[in-house]
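Asks: One file is attached below, target.txt, containing compact mmCIF, C-alpha atoms and all ligand atoms.
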# COMPACT_ATOMS: atom_id res chain seq x y z
CA MET A 224 11.34 146.92 -126.44
CA ASP A 225 9.82 150.32 -126.71
CA ARG A 226 7.57 151.97 -124.28
CA TRP A 227 4.38 150.99 -126.14
CA GLU A 228 5.32 147.29 -125.96
CA LYS A 229 6.00 147.57 -122.21
CA THR A 230 2.60 149.18 -121.77
CA LYS A 231 0.94 146.31 -123.69
CA ILE A 232 2.68 143.65 -121.53
CA GLY A 233 1.74 145.53 -118.38
CA ALA A 234 -1.85 145.85 -119.51
CA GLY A 235 -1.95 142.13 -120.37
CA ILE A 236 -0.72 141.11 -116.90
CA GLY A 237 -3.13 143.56 -115.29
CA LEU A 238 -6.05 142.16 -117.29
CA ALA A 239 -5.12 138.56 -116.43
CA CYS A 240 -5.02 139.43 -112.72
CA GLY A 241 -8.35 141.18 -113.03
CA VAL A 242 -9.98 138.17 -114.71
CA MET A 243 -8.59 135.84 -112.03
CA ALA A 244 -9.80 138.04 -109.18
CA THR A 245 -13.26 138.34 -110.76
CA GLY A 246 -13.36 134.58 -111.26
CA LEU A 247 -12.51 133.89 -107.62
CA TRP A 248 -15.06 136.40 -106.42
CA LEU A 249 -17.73 135.02 -108.75
CA GLY A 250 -16.92 131.49 -107.53
CA THR A 251 -17.58 132.40 -103.91
CA VAL A 252 -20.79 134.15 -104.89
CA LEU A 253 -22.13 131.21 -106.93
CA VAL A 254 -20.99 128.35 -104.68
CA SER A 255 -21.23 128.67 -100.92
CA PRO A 256 -19.57 125.56 -99.54
CA VAL A 257 -21.00 124.09 -96.34
CA TYR A 258 -18.61 122.20 -94.13
CA PRO A 259 -20.70 119.85 -91.97
CA GLN A 260 -19.53 119.54 -88.41
CA GLN A 261 -20.00 115.79 -88.30
CA ARG A 262 -18.60 112.98 -90.39
CA SER A 263 -20.78 111.87 -93.24
CA TYR A 264 -20.14 108.26 -92.24
CA ALA A 265 -18.92 106.71 -89.04
CA PRO A 266 -16.46 103.85 -89.45
CA ALA A 267 -17.74 100.87 -87.49
CA GLY A 268 -15.69 99.49 -84.64
CA VAL A 269 -13.16 102.32 -84.60
CA PRO A 270 -12.92 104.08 -81.27
CA PRO A 271 -12.80 107.86 -81.47
CA VAL A 272 -9.21 109.14 -81.40
CA ASP A 273 -8.44 111.72 -78.76
CA LEU A 274 -6.50 114.04 -81.05
CA ALA A 275 -5.92 116.60 -78.34
CA ALA A 276 -4.15 114.05 -76.15
CA MET A 277 -2.11 112.81 -79.10
CA GLN A 278 -1.09 116.30 -80.09
CA ARG A 279 0.23 117.06 -76.62
CA GLU A 280 2.77 114.29 -77.15
CA TRP A 281 3.67 115.22 -80.69
CA PRO A 282 7.13 116.61 -81.31
CA VAL A 283 7.21 120.22 -82.51
CA ALA A 284 8.88 119.09 -85.75
CA GLY A 285 11.40 121.89 -85.73
CA ASN A 286 14.47 119.88 -86.64
CA ARG A 287 15.05 116.84 -88.82
CA GLU A 288 14.98 114.34 -85.96
CA GLU A 289 11.66 115.67 -84.75
CA ARG A 290 10.22 115.58 -88.25
CA GLU A 291 11.20 111.91 -88.56
CA GLN A 292 9.59 111.24 -85.20
CA LEU A 293 6.42 112.99 -86.33
CA LYS A 294 6.34 110.92 -89.52
CA GLY A 295 6.66 107.82 -87.37
CA TYR A 296 3.71 108.95 -85.27
CA ILE A 297 1.54 109.57 -88.30
CA GLY A 298 2.50 106.26 -89.88
CA HIS A 299 1.49 104.40 -86.73
CA ILE A 300 -1.65 106.25 -85.85
CA GLU A 301 -3.84 103.18 -86.26
CA LYS A 302 -1.63 101.28 -83.83
CA VAL A 303 -1.92 103.88 -81.10
CA ALA A 304 -3.83 102.53 -78.13
CA VAL A 305 -6.64 104.94 -77.57
CA PHE A 306 -8.06 105.50 -74.16
CA VAL A 307 -11.84 105.29 -74.33
CA PRO A 308 -13.52 106.40 -71.14
CA ALA A 309 -15.78 103.66 -69.82
CA ASP A 310 -18.88 105.83 -69.76
CA THR A 311 -18.84 106.94 -73.40
CA ASP A 312 -21.44 105.51 -75.73
CA ALA A 313 -19.29 103.00 -77.60
CA GLY A 314 -22.28 101.36 -79.26
CA PRO A 315 -25.22 99.55 -77.74
CA ALA A 316 -24.24 96.99 -75.15
CA GLU A 317 -25.43 93.50 -76.02
CA VAL A 318 -27.88 92.77 -73.26
CA PRO A 319 -29.47 89.39 -73.79
CA VAL A 320 -33.21 89.82 -73.62
CA ASP A 321 -35.43 86.78 -73.43
CA LEU A 322 -37.69 85.96 -76.36
CA GLY A 323 -40.93 86.50 -74.44
CA THR A 324 -39.94 90.06 -73.58
CA LEU A 325 -38.91 90.77 -77.17
CA LEU A 326 -42.12 89.30 -78.56
CA ALA A 327 -44.25 91.32 -76.15
CA SER A 328 -43.08 94.50 -77.89
CA ALA A 329 -42.53 93.05 -81.38
CA ASP A 330 -44.07 94.73 -84.40
CA ALA A 331 -45.66 92.34 -86.92
CA GLU A 332 -45.70 95.06 -89.58
CA LYS A 333 -41.93 95.50 -89.32
CA GLY A 334 -41.66 91.72 -89.45
CA ARG A 335 -43.74 91.58 -92.59
CA ARG A 336 -41.30 93.94 -94.28
CA THR A 337 -38.31 91.83 -93.23
CA ALA A 338 -40.15 88.71 -94.37
CA GLN A 339 -40.09 90.05 -97.93
CA ALA A 340 -36.69 88.37 -98.04
CA CYS A 341 -38.32 85.02 -97.24
CA MET A 342 -40.80 85.43 -100.07
CA ALA A 343 -38.06 84.83 -102.61
CA CYS A 344 -38.39 81.19 -101.57
CA HIS A 345 -41.55 80.84 -99.48
CA ASP A 346 -45.23 81.34 -100.09
CA PHE A 347 -47.17 82.49 -97.02
CA THR A 348 -50.74 82.03 -98.25
CA GLN A 349 -53.23 79.37 -97.21
CA ASN A 350 -53.12 76.39 -99.58
CA GLY A 351 -50.35 78.25 -101.40
CA PRO A 352 -47.70 76.36 -103.35
CA ASN A 353 -44.34 75.10 -102.23
CA ARG A 354 -41.59 77.04 -103.91
CA ILE A 355 -37.84 76.73 -103.34
CA GLY A 356 -38.89 76.36 -99.71
CA PRO A 357 -42.11 74.91 -98.27
CA ASN A 358 -45.33 76.90 -97.90
CA LEU A 359 -45.25 78.62 -94.50
CA TRP A 360 -48.99 79.10 -93.79
CA GLY A 361 -49.50 78.28 -90.12
CA VAL A 362 -45.87 77.33 -89.59
CA VAL A 363 -45.91 78.30 -85.90
CA GLY A 364 -46.95 75.18 -84.04
CA ARG A 365 -46.66 73.00 -87.15
CA SER A 366 -44.61 69.81 -87.04
CA VAL A 367 -41.11 70.36 -88.39
CA ALA A 368 -40.64 69.30 -92.02
CA SER A 369 -44.26 68.24 -92.39
CA HIS A 370 -45.71 70.28 -95.26
CA ALA A 371 -47.19 68.00 -97.87
CA GLY A 372 -45.42 67.71 -101.18
CA PHE A 373 -42.16 69.32 -100.17
CA GLY A 374 -38.90 67.40 -100.39
CA TYR A 375 -37.20 68.30 -97.13
CA SER A 376 -33.54 67.71 -96.44
CA PRO A 377 -32.70 64.71 -94.23
CA ALA A 378 -31.22 67.22 -91.77
CA LEU A 379 -34.49 69.05 -91.22
CA LYS A 380 -36.53 65.86 -91.27
CA GLY A 381 -34.25 64.52 -88.54
CA LEU A 382 -34.91 67.51 -86.28
CA GLY A 383 -38.38 66.39 -85.19
CA GLY A 384 -40.74 68.21 -82.86
CA GLN A 385 -42.77 71.30 -83.61
CA TRP A 386 -41.97 74.83 -84.64
CA THR A 387 -42.28 76.72 -81.38
CA TYR A 388 -41.33 80.40 -81.25
CA GLN A 389 -38.08 79.41 -79.53
CA GLN A 390 -37.27 76.82 -82.21
CA LEU A 391 -38.05 79.25 -85.00
CA ASP A 392 -36.00 81.96 -83.30
CA HIS A 393 -33.04 79.61 -83.03
CA PHE A 394 -33.44 78.42 -86.63
CA LEU A 395 -33.84 81.87 -88.15
CA ALA A 396 -30.79 83.24 -86.31
CA GLY A 397 -28.67 81.01 -88.53
CA PRO A 398 -30.40 78.14 -90.32
CA ASN A 399 -27.20 76.34 -91.19
CA ARG A 400 -25.83 76.70 -87.68
CA ALA A 401 -29.06 75.53 -86.08
CA VAL A 402 -29.62 72.65 -88.50
CA PRO A 403 -26.36 71.78 -90.27
CA GLY A 404 -27.16 70.44 -93.71
CA THR A 405 -30.47 72.26 -94.17
CA LYS A 406 -31.44 73.18 -97.71
CA MET A 407 -32.46 76.66 -96.60
CA THR A 408 -29.60 78.71 -97.96
CA PHE A 409 -30.34 81.85 -96.01
CA THR A 410 -27.72 83.48 -93.82
CA GLY A 411 -30.16 84.22 -91.03
CA ILE A 412 -31.27 87.26 -89.08
CA ARG A 413 -28.61 88.21 -86.58
CA ASN A 414 -30.54 90.84 -84.64
CA PRO A 415 -32.80 89.23 -81.96
CA ARG A 416 -35.22 92.17 -82.07
CA GLU A 417 -35.59 91.88 -85.83
CA ARG A 418 -36.18 88.14 -85.47
CA ALA A 419 -38.88 88.85 -82.90
CA HIS A 420 -40.61 91.15 -85.42
CA VAL A 421 -40.52 88.35 -88.02
CA LEU A 422 -41.89 85.86 -85.48
CA ALA A 423 -44.68 88.29 -84.63
CA TYR A 424 -45.48 88.39 -88.34
CA LEU A 425 -45.36 84.59 -88.66
CA ALA A 426 -47.82 84.45 -85.74
CA THR A 427 -50.36 86.25 -87.93
CA ILE A 428 -49.93 83.68 -90.75
CA GLY A 429 -52.23 80.80 -89.97
CA ALA A 430 -55.61 79.82 -88.68
CA GLY A 431 -55.18 80.09 -84.92
CA ARG A 432 -52.61 82.33 -83.34
CA GLN A 433 -50.18 80.53 -81.06
CA PRO A 434 -49.72 82.36 -77.76
CA PHE A 435 -46.34 84.03 -77.24
CA PRO A 436 -44.13 82.68 -74.47
CA PRO A 437 -44.52 84.89 -71.38
CA PRO A 438 -41.77 87.44 -70.72
CA GLN A 439 -39.27 86.26 -68.16
CA PRO A 440 -39.18 88.46 -65.09
CA THR A 441 -35.89 90.32 -65.10
CA ALA A 442 -33.82 90.35 -61.95
CA SER A 443 -35.13 93.42 -60.17
CA PRO A 444 -32.52 95.76 -58.71
CA PRO A 445 -32.00 95.25 -55.00
CA GLN A 446 -34.49 97.34 -53.09
CA PRO A 447 -32.92 99.58 -50.48
CA LYS A 448 -33.95 98.36 -47.09
CA ILE A 449 -35.57 101.12 -45.13
CA ALA A 450 -36.08 100.37 -41.51
CA ALA A 451 -39.56 101.27 -40.46
CA ALA A 452 -39.26 104.32 -38.35
CA THR A 453 -40.87 103.72 -34.98
CA PRO A 454 -42.38 106.84 -33.53
C1 LIG B 1 -33.05 80.97 -100.49
C2 LIG B 1 -34.36 80.45 -100.22
C3 LIG B 1 -34.93 80.66 -98.83
C4 LIG B 1 -35.08 81.83 -98.15
C5 LIG B 1 -34.66 83.23 -98.57
C6 LIG B 1 -35.74 81.48 -96.92
N1 LIG B 1 -35.97 80.15 -96.86
FE1 LIG B 1 -36.91 79.14 -95.38
N2 LIG B 1 -36.56 77.38 -96.34
C7 LIG B 1 -35.97 77.25 -97.56
C8 LIG B 1 -35.83 75.83 -97.86
C9 LIG B 1 -35.21 75.26 -99.13
C10 LIG B 1 -36.36 75.14 -96.77
C11 LIG B 1 -36.38 73.64 -96.56
C12 LIG B 1 -35.17 73.35 -95.70
C13 LIG B 1 -34.79 71.89 -95.59
O1 LIG B 1 -35.53 71.04 -96.07
O2 LIG B 1 -33.72 71.65 -95.02
C14 LIG B 1 -36.83 76.16 -95.82
C15 LIG B 1 -37.44 75.84 -94.62
C16 LIG B 1 -37.95 76.78 -93.75
C17 LIG B 1 -38.70 76.47 -92.56
C18 LIG B 1 -39.08 75.10 -92.07
C19 LIG B 1 -40.45 74.81 -92.60
C20 LIG B 1 -41.00 73.45 -92.26
O3 LIG B 1 -41.99 73.09 -92.88
O4 LIG B 1 -40.45 72.75 -91.41
C21 LIG B 1 -39.04 77.67 -92.00
C22 LIG B 1 -39.84 77.88 -90.72
C23 LIG B 1 -38.51 78.70 -92.84
N3 LIG B 1 -37.85 78.15 -93.89
C24 LIG B 1 -38.67 80.04 -92.59
C25 LIG B 1 -38.08 81.05 -93.35
C26 LIG B 1 -38.19 82.47 -93.04
C27 LIG B 1 -39.00 83.05 -91.91
C28 LIG B 1 -37.44 83.11 -93.96
C29 LIG B 1 -37.17 84.61 -94.06
C30 LIG B 1 -36.64 85.25 -92.88
C31 LIG B 1 -36.89 82.13 -94.87
N4 LIG B 1 -37.30 80.88 -94.46
C32 LIG B 1 -36.10 82.41 -95.96
C33 LIG B 1 -35.55 78.26 -98.38
C34 LIG B 1 -35.49 79.61 -98.02
Represent the structure from my file as structure tokens, please.

Replies:
Amino acid sequence: MDRWEKTKIGAGIGLACGVMATGLWLGTVLVSPVYPQQRSYAPAGVPPVDLAAMQREWPVAGNREEREQLKGYIGHIEKVAVFVPADTDAGPAEVPVDLGTLLASADAEKGRRTAQACMACHDFTQNGPNRIGPNLWGVVGRSVASHAGFGYSPALKGLGGQWTYQQLDHFLAGPNRAVPGTKMTFTGIRNPRERAHVLAYLATIGAGRQPFPPPQPTASPPQPKIAAATP
């Protein structure tokens, strides 16, 4: 290898390094990555892990035994009992609210949007047809399983009574749970607030609007007794 060849190899390596460096620089100029500080999705039902507390107990992983221990820790992370302080916001607490209270603040427009799902099977218009399910014009206050020309299931026919808001609320929460054997193959609306919106919408479908049940007075917090100061 003469000197000229060595120069060519050297120049080649130098050029390659130069191209790489330029490429890296150009990459950072063209793309400026943003690392969001929060997770793009939050896994449901998983309590936040206190990594700081876990790390305090981690071995330093200096020797083999400690490395094995560390691997064990990592492999069992999901089994670690995590201390969640009682006052953190671990999701909304399920406070049962009575139907009257929910209806008082229900939004018929929101209900109408949810009721789009019903329209796959139900017609809501006056003198409208029966479809997979019966026509629902004026269903609030109507006798159960009474719409002319619809072949109801024996289960629903056996229910009797009238569709009150409470009955509808119970039925719509889970039709098959409320009336086992019903033909209405609809999973139901789990959220009581969302059901209230739908009921508020159903209230607008019909000739006369049925009055909502009155809100139940909630147990008021105990009033501090202040002894009247006698002058
Ligand atoms: C997959 C089709 C389907 C969907 C979706 C559906 N229903 Fe029904 N619904 C039915 C059928 C079928 C019946 C008749 C049930 C029976 O006879 O057991 C019924 C019956 C009813 C009844 C009783 C009516 C009466 O005359 O007694 C009400 C009230 C009702 N549905 C409301 C709703 C509402 C509100 C929604 C939307 C949140 C909804 N349904 C979604 C099919 C459906």

Asks: Using only C-alpha atoms, can you tell me which of A:Ser255, A:Thr387, A:Gln292, A:Ser369 comes closest to Leu422 of chain A?

Replies: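 The answer is A:Thr387, which sits nearest to Leu422 of chain A.
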
Asks: Could I get the residues of chain A with an atom no further than 9 Å from an atom of ligand LIG 1 (chain B), each paired with its nearest atom pair and that distance in Å to one decimal, using all atoms listed in the file, sorted by chain and residue number, as a Markdown table?

Replies:
| residue | atom | partner | partner_atom | distance |
| --- | --- | --- | --- | --- |
| A:Gly334 | CA | B:LIG1 | C30 | 8.9 |
| A:Thr337 | CA | B:LIG1 | C30 | 6.8 |
| A:Ala338 | CA | B:LIG1 | C29 | 5.1 |
| A:Gln339 | CA | B:LIG1 | C29 | 7.3 |
| A:Ala340 | CA | B:LIG1 | C29 | 5.5 |
| A:Cys341 | CA | B:LIG1 | C29 | 3.4 |
| A:Met342 | CA | B:LIG1 | C5 | 6.7 |
| A:Ala343 | CA | B:LIG1 | C5 | 5.5 |
| A:Cys344 | CA | B:LIG1 | C2 | 4.3 |
| A:His345 | CA | B:LIG1 | N1 | 6.2 |
| A:Arg354 | CA | B:LIG1 | C9 | 8.2 |
| A:Ile355 | CA | B:LIG1 | C9 | 5.2 |
| A:Gly356 | CA | B:LIG1 | C8 | 3.6 |
| A:Pro357 | CA | B:LIG1 | O3 | 5.7 |
| A:Asn358 | CA | B:LIG1 | O3 | 7.1 |
| A:Leu359 | CA | B:LIG1 | C19 | 6.4 |
| A:Val362 | CA | B:LIG1 | C22 | 6.2 |
| A:Val363 | CA | B:LIG1 | C22 | 7.8 |
| A:Arg365 | CA | B:LIG1 | O3 | 7.4 |
| A:Ser366 | CA | B:LIG1 | O4 | 6.7 |
| A:Val367 | CA | B:LIG1 | O4 | 3.9 |
| A:Ala368 | CA | B:LIG1 | O4 | 3.5 |
| A:Ser369 | CA | B:LIG1 | O3 | 5.4 |
| A:His370 | CA | B:LIG1 | O3 | 5.2 |
| A:Ala371 | CA | B:LIG1 | O3 | 8.8 |
| A:Phe373 | CA | B:LIG1 | O1 | 8.0 |
| A:Gly374 | CA | B:LIG1 | O1 | 6.6 |
| A:Tyr375 | CA | B:LIG1 | O1 | 3.4 |
| A:Ser376 | CA | B:LIG1 | O1 | 3.9 |
| A:Pro377 | CA | B:LIG1 | O2 | 7.1 |
| A:Ala378 | CA | B:LIG1 | O2 | 6.0 |
| A:Leu379 | CA | B:LIG1 | O2 | 4.7 |
| A:Lys380 | CA | B:LIG1 | O1 | 7.1 |
| A:Gln385 | CA | B:LIG1 | O4 | 8.3 |
| A:Trp386 | CA | B:LIG1 | C22 | 7.1 |
| A:Gln390 | CA | B:LIG1 | C22 | 9.0 |
| A:Leu391 | CA | B:LIG1 | C22 | 6.1 |
| A:Phe394 | CA | B:LIG1 | C22 | 7.6 |
| A:Leu395 | CA | B:LIG1 | C30 | 6.5 |
| A:Pro398 | CA | B:LIG1 | N3 | 8.3 |
| A:Asn399 | CA | B:LIG1 | O2 | 8.9 |
| A:Val402 | CA | B:LIG1 | O2 | 7.8 |
| A:Pro403 | CA | B:LIG1 | O2 | 8.8 |
| A:Gly404 | CA | B:LIG1 | O2 | 6.8 |
| A:Thr405 | CA | B:LIG1 | O2 | 3.4 |
| A:Lys406 | CA | B:LIG1 | O2 | 3.8 |
| A:Met407 | CA | B:LIG1 | C7 | 3.7 |
| A:Thr408 | CA | B:LIG1 | C1 | 4.8 |
| A:Phe409 | CA | B:LIG1 | C4 | 5.2 |
| A:Thr410 | CA | B:LIG1 | C5 | 8.4 |
| A:Gly411 | CA | B:LIG1 | C30 | 6.8 |
| A:Ile412 | CA | B:LIG1 | C30 | 6.9 |
| A:Arg418 | CA | B:LIG1 | C30 | 8.0 |
| A:Val421 | CA | B:LIG1 | C27 | 6.7 |
| A:Leu422 | CA | B:LIG1 | C27 | 7.6 |
| A:Leu425 | CA | B:LIG1 | C27 | 7.3 |

Asks: Using only C-alpha atoms, please write the residues we just selected to a file, as a tab-separated table (two decimals), in the frame of the given file.

Replies:
chain	number	residue	atom	x	y	z
A	334	GLY	CA	-41.66	91.72	-89.45
A	337	THR	CA	-38.31	91.83	-93.23
A	338	ALA	CA	-40.15	88.71	-94.37
A	339	GLN	CA	-40.09	90.05	-97.93
A	340	ALA	CA	-36.69	88.37	-98.04
A	341	CYS	CA	-38.32	85.02	-97.24
A	342	MET	CA	-40.80	85.43	-100.07
A	343	ALA	CA	-38.06	84.83	-102.61
A	344	CYS	CA	-38.39	81.19	-101.57
A	345	HIS	CA	-41.55	80.84	-99.48
A	354	ARG	CA	-41.59	77.04	-103.91
A	355	ILE	CA	-37.84	76.73	-103.34
A	356	GLY	CA	-38.89	76.36	-99.71
A	357	PRO	CA	-42.11	74.91	-98.27
A	358	ASN	CA	-45.33	76.90	-97.90
A	359	LEU	CA	-45.25	78.62	-94.50
A	362	VAL	CA	-45.87	77.33	-89.59
A	363	VAL	CA	-45.91	78.30	-85.90
A	365	ARG	CA	-46.66	73.00	-87.15
A	366	SER	CA	-44.61	69.81	-87.04
A	367	VAL	CA	-41.11	70.36	-88.39
A	368	ALA	CA	-40.64	69.30	-92.02
A	369	SER	CA	-44.26	68.24	-92.39
A	370	HIS	CA	-45.71	70.28	-95.26
A	371	ALA	CA	-47.19	68.00	-97.87
A	373	PHE	CA	-42.16	69.32	-100.17
A	374	GLY	CA	-38.90	67.40	-100.39
A	375	TYR	CA	-37.20	68.30	-97.13
A	376	SER	CA	-33.54	67.71	-96.44
A	377	PRO	CA	-32.70	64.71	-94.23
A	378	ALA	CA	-31.22	67.22	-91.77
A	379	LEU	CA	-34.49	69.05	-91.22
A	380	LYS	CA	-36.53	65.86	-91.27
A	385	GLN	CA	-42.77	71.30	-83.61
A	386	TRP	CA	-41.97	74.83	-84.64
A	390	GLN	CA	-37.27	76.82	-82.21
A	391	LEU	CA	-38.05	79.25	-85.00
A	394	PHE	CA	-33.44	78.42	-86.63
A	395	LEU	CA	-33.84	81.87	-88.15
A	398	PRO	CA	-30.40	78.14	-90.32
A	399	ASN	CA	-27.20	76.34	-91.19
A	402	VAL	CA	-29.62	72.65	-88.50
A	403	PRO	CA	-26.36	71.78	-90.27
A	404	GLY	CA	-27.16	70.44	-93.71
A	405	THR	CA	-30.47	72.26	-94.17
A	406	LYS	CA	-31.44	73.18	-97.71
A	407	MET	CA	-32.46	76.66	-96.60
A	408	THR	CA	-29.60	78.71	-97.96
A	409	PHE	CA	-30.34	81.85	-96.01
A	410	THR	CA	-27.72	83.48	-93.82
A	411	GLY	CA	-30.16	84.22	-91.03
A	412	ILE	CA	-31.27	87.26	-89.08
A	418	ARG	CA	-36.18	88.14	-85.47
A	421	VAL	CA	-40.52	88.35	-88.02
A	422	LEU	CA	-41.89	85.86	-85.48
A	425	LEU	CA	-45.36	84.59	-88.66

Asks: Tell me, as a PyMOL selection string, which residues lie within 10 Å of Ala430 of chain A, counting all atoms listed in the file; anything in the same chain fewer than 5 positions away does not count.

Replies: chain A and resi 349+360-361

Asks: Just to confirm, what's the straight-line distance from atom CA of Asp225 of chain A to atom CA of Gly241 of chain A in Å (one decimal)?

Replies: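 Taking atom CA of Asp225 of chain A as the start and atom CA of Gly241 of chain A as the end point, the length is 24.5 Å.
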
Asks: Rounded to one decimal, what separation in Å do you get between atom CA of Pro415 of chain A and atom CA of Pro352 of chain A?

Replies: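 Pair atom CA of Pro415 of chain A / atom CA of Pro352 of chain A returns 29.1 Å.
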
Asks: Determine, counting only C-alpha atoms, which protein, DNA and RNA residues have an atom within 8 Å of an atom of Arg416 of chain A; residues of the same chain fewer than 4 positions away are not included. Present the result as an MDAnalysis selection string.

Replies: chainID A and resid 325 329 420

Asks: I'd like the interatomic distance between atom CA of Ala419 of chain A and atom CA of Pro437 of chain A, to a tenth of an Å.

Replies: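 If I compute the distance from atom CA of Ala419 of chain A to atom CA of Pro437 of chain A, I get 13.4 Å.
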
Asks: Find the residue from A:Asn353, A:Ala239, A:Trp248, A:Phe347 that sits nearest to Gly372 of chain A; use only C-alpha atoms when measuring.

Replies: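 Of all the options, A:Asn353 lies closest to Gly372 of chain A.
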
Asks: Using all atoms listed in the file, can you tell me which of A:Gln433, A:Asn414, A:Ile428, A:Gly246 comes closest to Pro319 of chain A?

Replies: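 Comparing A:Gln433, A:Asn414, A:Ile428, A:Gly246 against Pro319 of chain A, the winner is A:Asn414.
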